[in-house]
file my_file-v4.pdb (PDB, C-alpha atoms and all ligand atoms)
MODEL        1
ATOM      1  CA  MET P  38      65.759 149.474 -25.412  1.00  0.00           C
ATOM      2  CA  SER P  39      68.875 150.386 -23.694  1.00  0.00           C
ATOM      3  CA  LYS P  40      71.204 147.819 -22.587  1.00  0.00           C
ATOM      4  CA  LYS P  41      72.350 148.262 -19.127  1.00  0.00           C
ATOM      5  CA  VAL P  42      76.000 148.375 -19.056  1.00  0.00           C
ATOM      6  CA  THR P  43      77.185 147.007 -15.881  1.00  0.00           C
ATOM      7  CA  THR P  44      80.710 147.686 -15.037  1.00  0.00           C
ATOM      8  CA  LYS P  45      81.930 144.923 -13.050  1.00  0.00           C
ATOM      9  CA  GLU P  46      85.204 145.471 -11.431  1.00  0.00           C
ATOM     10  CA  GLU P  47      87.019 142.400 -12.032  1.00  0.00           C
ATOM     11  CA  ALA P  48      88.142 141.266  -8.729  1.00  0.00           C
ATOM     12  CA  PRO P  49      90.850 138.728  -8.577  1.00  0.00           C
ATOM     13  CA  ALA P  50      89.301 135.395  -8.614  1.00  0.00           C
ATOM     14  CA  GLU P  51      88.943 134.399  -5.085  1.00  0.00           C
ATOM     15  CA  GLU P  52      89.321 130.867  -4.288  1.00  0.00           C
ATOM     16  CA  PRO P  53      86.281 129.590  -2.684  1.00  0.00           C
ATOM     17  CA  GLU P  54      87.012 128.978   0.900  1.00  0.00           C
ATOM     18  CA  LYS P  55      87.178 125.384   1.461  1.00  0.00           C
ATOM     19  CA  GLU P  56      86.104 124.640   4.894  1.00  0.00           C
ATOM     20  CA  GLU P  57      86.384 121.077   5.567  1.00  0.00           C
ATOM     21  CA  LYS P  58      84.222 120.617   8.457  1.00  0.00           C
ATOM     22  CA  LYS P  59      85.477 117.783  10.458  1.00  0.00           C
ATOM     23  CA  GLU P  60      83.007 117.262  13.078  1.00  0.00           C
ATOM     24  CA  GLU P  61      84.321 114.639  15.277  1.00  0.00           C
ATOM     25  CA  VAL P  62      81.855 114.341  17.973  1.00  0.00           C
ATOM     26  CA  LYS P  63      83.398 112.251  20.593  1.00  0.00           C
ATOM     27  CA  PRO P  64      80.975 110.576  22.846  1.00  0.00           C
ATOM     28  CA  GLN P  65      81.399 112.391  26.080  1.00  0.00           C
ATOM     29  CA  LYS P  66      81.816 110.218  29.018  1.00  0.00           C
ATOM     30  CA  ALA P  67      79.328 110.858  31.660  1.00  0.00           C
ATOM     31  CA  VAL P  68      81.032 113.167  34.075  1.00  0.00           C
ATOM     32  CA  LYS P  69      80.814 111.782  37.501  1.00  0.00           C
ATOM     33  CA  ALA P  70      79.487 114.091  40.086  1.00  0.00           C
ATOM     34  CA  ALA P  71      82.167 115.860  42.028  1.00  0.00           C
ATOM     35  CA  PRO P  72      83.165 114.255  45.294  1.00  0.00           C
ATOM     36  CA  LYS P  73      80.936 115.323  48.093  1.00  0.00           C
ATOM     37  CA  ALA P  74      83.380 117.311  50.118  1.00  0.00           C
ATOM     38  CA  GLU P  75      86.778 118.289  48.932  1.00  0.00           C
ATOM     39  CA  LYS P  76      89.254 117.206  51.488  1.00  0.00           C
ATOM     40  CA  LYS P  77      91.740 119.730  52.584  1.00  0.00           C
ATOM     41  CA  LYS P  78      94.944 118.298  51.383  1.00  0.00           C
ATOM     42  CA  LYS P  79      98.233 119.692  52.424  1.00  0.00           C
ATOM     43  CA  GLU P  80     100.241 120.651  49.459  1.00  0.00           C
ATOM     44  CA  GLU P  81     103.476 118.890  49.056  1.00  0.00           C
ATOM     45  CA  ARG P  82     105.793 121.726  48.561  1.00  0.00           C
ATOM     46  CA  GLY P  83     109.257 120.378  49.030  1.00  0.00           C
ATOM     47  CA  VAL P  84     112.206 121.862  50.805  1.00  0.00           C
ATOM     48  CA  HIS P  85     112.059 125.116  48.930  1.00  0.00           C
ATOM     49  CA  ALA P  86     109.043 125.982  51.029  1.00  0.00           C
ATOM     50  CA  LEU P  87     111.271 126.163  54.079  1.00  0.00           C
ATOM     51  CA  TYR P  88     113.414 128.923  52.705  1.00  0.00           C
ATOM     52  CA  LYS P  89     112.718 132.446  51.711  1.00  0.00           C
ATOM     53  CA  ILE P  90     114.991 134.907  50.082  1.00  0.00           C
ATOM     54  CA  GLU P  91     115.029 138.339  51.635  1.00  0.00           C
ATOM     55  CA  ASP P  92     117.423 140.942  50.406  1.00  0.00           C
ATOM     56  CA  ALA P  93     119.755 138.414  48.859  1.00  0.00           C
ATOM     57  CA  LYS P  94     119.851 136.533  52.101  1.00  0.00           C
ATOM     58  CA  VAL P  95     118.341 133.215  52.876  1.00  0.00           C
ATOM     59  CA  ALA P  96     115.761 133.219  55.604  1.00  0.00           C
ATOM     60  CA  ARG P  97     114.688 129.956  57.116  1.00  0.00           C
ATOM     61  CA  LEU P  98     111.045 129.738  57.908  1.00  0.00           C
ATOM     62  CA  ARG P  99     111.286 126.921  60.448  1.00  0.00           C
ATOM     63  CA  PRO P 100     113.377 126.707  63.545  1.00  0.00           C
ATOM     64  CA  THR P 101     116.133 124.164  63.558  1.00  0.00           C
ATOM     65  CA  CYS P 102     116.399 121.419  66.095  1.00  0.00           C
ATOM     66  CA  GLU P 103     118.374 122.255  69.167  1.00  0.00           C
ATOM     67  CA  ARG P 104     119.577 118.739  69.580  1.00  0.00           C
ATOM     68  CA  CYS P 105     120.397 117.885  66.023  1.00  0.00           C
ATOM     69  CA  GLY P 106     121.804 121.247  65.134  1.00  0.00           C
ATOM     70  CA  PRO P 107     121.473 123.322  62.028  1.00  0.00           C
ATOM     71  CA  GLY P 108     120.183 121.533  59.009  1.00  0.00           C
ATOM     72  CA  TYR P 109     117.403 119.806  60.852  1.00  0.00           C
ATOM     73  CA  PHE P 110     114.244 121.745  60.491  1.00  0.00           C
ATOM     74  CA  MET P 111     111.428 121.232  62.903  1.00  0.00           C
ATOM     75  CA  ALA P 112     107.935 120.493  61.706  1.00  0.00           C
ATOM     76  CA  ASN P 113     105.438 123.227  62.220  1.00  0.00           C
ATOM     77  CA  HIS P 114     102.403 122.093  64.138  1.00  0.00           C
ATOM     78  CA  GLN P 115      99.543 124.026  65.530  1.00  0.00           C
ATOM     79  CA  ASN P 116     100.994 124.482  68.983  1.00  0.00           C
ATOM     80  CA  ARG P 117     104.469 123.066  68.735  1.00  0.00           C
ATOM     81  CA  TYR P 118     107.515 122.410  66.649  1.00  0.00           C
ATOM     82  CA  THR P 119     108.755 118.884  66.374  1.00  0.00           C
ATOM     83  CA  CYS P 120     111.955 117.428  65.098  1.00  0.00           C
ATOM     84  CA  GLY P 121     111.350 114.448  62.900  1.00  0.00           C
ATOM     85  CA  HIS P 122     114.871 113.259  63.402  1.00  0.00           C
ATOM     86  CA  CYS P 123     115.100 112.903  67.149  1.00  0.00           C
ATOM     87  CA  GLY P 124     111.592 113.674  68.298  1.00  0.00           C
ATOM     88  CA  PHE P 125     112.455 116.825  70.120  1.00  0.00           C
ATOM     89  CA  THR P 126     109.389 118.953  70.688  1.00  0.00           C
ATOM     90  CA  ARG P 127     109.220 122.569  71.549  1.00  0.00           C
ATOM     91  CA  TYR P 128     105.910 124.143  72.352  1.00  0.00           C
ATOM     92  CA  LYS P 129     105.011 127.462  70.952  1.00  0.00           C
ATOM     93  CA  GLN P 130     104.605 130.194  73.430  1.00  0.00           C
ATOM     94  CA  ALA P 131     101.099 131.473  73.566  1.00  0.00           C
TER      95      ALA P 131
HETATM   96 ZN    ZN B   1     116.329 116.737  66.337  1.00  0.00          ZN
ENDMDL
END
call {"tool": "encode", "arguments": {"input": "my_file-v4.pdb", "output": "structure tokens"}}
result
Amino acid sequence: MSKKVTTKEEAPAEEPEKEEKKEEVKPQKAVKAAPKAEKKKKEERGVHALYKIEDAKVARLRPTCERCGPGYFMANHQNRYTCGHCGFTRYKQA
């Protein structure tokens, strides 16, 4: 009878990985069905949307009101520009 000599490389005792499984199953609220049709909503962008920087120069993307002078941008509509300050309207040329 020969004893089997097993050479076990003694590996540094590894700490058993403690995996604390915290399974917090939150009751999911029933997700309501998405609204039928997503309305096209204009993004509120603020005044910075009216300016654009080109070559270290400020470009204004809307015309200014002729009556009120510089500083009064006109609203951009489909076929016209309108001043919200005085009501001046200028139609876009087709
Ligand atoms: Zn105006």
call {"tool": "residues_near_ligand", "arguments": {"input": "my_file-v4.pdb", "ligand": "ligand ZN 1 (chain B)", "cutoff": "7 Å", "atoms": "only C-alpha atoms and all ligand atoms", "output": "PyMOL selection string"}}
result
chain P and resi 102-105+109+120-125
call {"tool": "residues_around", "arguments": {"input": "my_file-v4.pdb", "residues": "P:Arg117", "least_positions_apart": "3", "cutoff": "9 Å", "atoms": "only C-alpha atoms", "output": "number ranges by chain"}}
result
P: 112-114, 126-130
call {"tool": "resolve_selection", "arguments": {"input": "my_file-v4.pdb", "expression": "the PyMOL selection byres (((chain P and resi 88) around 12) and not hetatm)", "output": "PDB file with C-alpha atoms, in the frame of the given file"}}
result
ATOM      1  CA  ARG P  82     105.793 121.726  48.561  1.00  0.00           C
ATOM      2  CA  GLY P  83     109.257 120.378  49.030  1.00  0.00           C
ATOM      3  CA  VAL P  84     112.206 121.862  50.805  1.00  0.00           C
ATOM      4  CA  HIS P  85     112.059 125.116  48.930  1.00  0.00           C
ATOM      5  CA  ALA P  86     109.043 125.982  51.029  1.00  0.00           C
ATOM      6  CA  LEU P  87     111.271 126.163  54.079  1.00  0.00           C
ATOM      7  CA  LYS P  89     112.718 132.446  51.711  1.00  0.00           C
ATOM      8  CA  ILE P  90     114.991 134.907  50.082  1.00  0.00           C
ATOM      9  CA  GLU P  91     115.029 138.339  51.635  1.00  0.00           C
ATOM     10  CA  LYS P  94     119.851 136.533  52.101  1.00  0.00           C
ATOM     11  CA  VAL P  95     118.341 133.215  52.876  1.00  0.00           C
ATOM     12  CA  ALA P  96     115.761 133.219  55.604  1.00  0.00           C
ATOM     13  CA  ARG P  97     114.688 129.956  57.116  1.00  0.00           C
ATOM     14  CA  LEU P  98     111.045 129.738  57.908  1.00  0.00           C
ATOM     15  CA  ARG P  99     111.286 126.921  60.448  1.00  0.00           C
ATOM     16  CA  PRO P 100     113.377 126.707  63.545  1.00  0.00           C
ATOM     17  CA  GLY P 108     120.183 121.533  59.009  1.00  0.00           C
ATOM     18  CA  PHE P 110     114.244 121.745  60.491  1.00  0.00           C
TER      19      PHE P 110
END
call {"tool": "atom_distance", "arguments": {"input": "my_file-v4.pdb", "atom1": "atom CA of P:Gln115", "atom2": "atom CA of P:Thr101"}}
result
16.7 Å
call {"tool": "atom_distance", "arguments": {"input": "my_file-v4.pdb", "atom1": "atom CA of P:Asn116", "atom2": "atom CA of P:Lys76"}}
result
22.3 Å
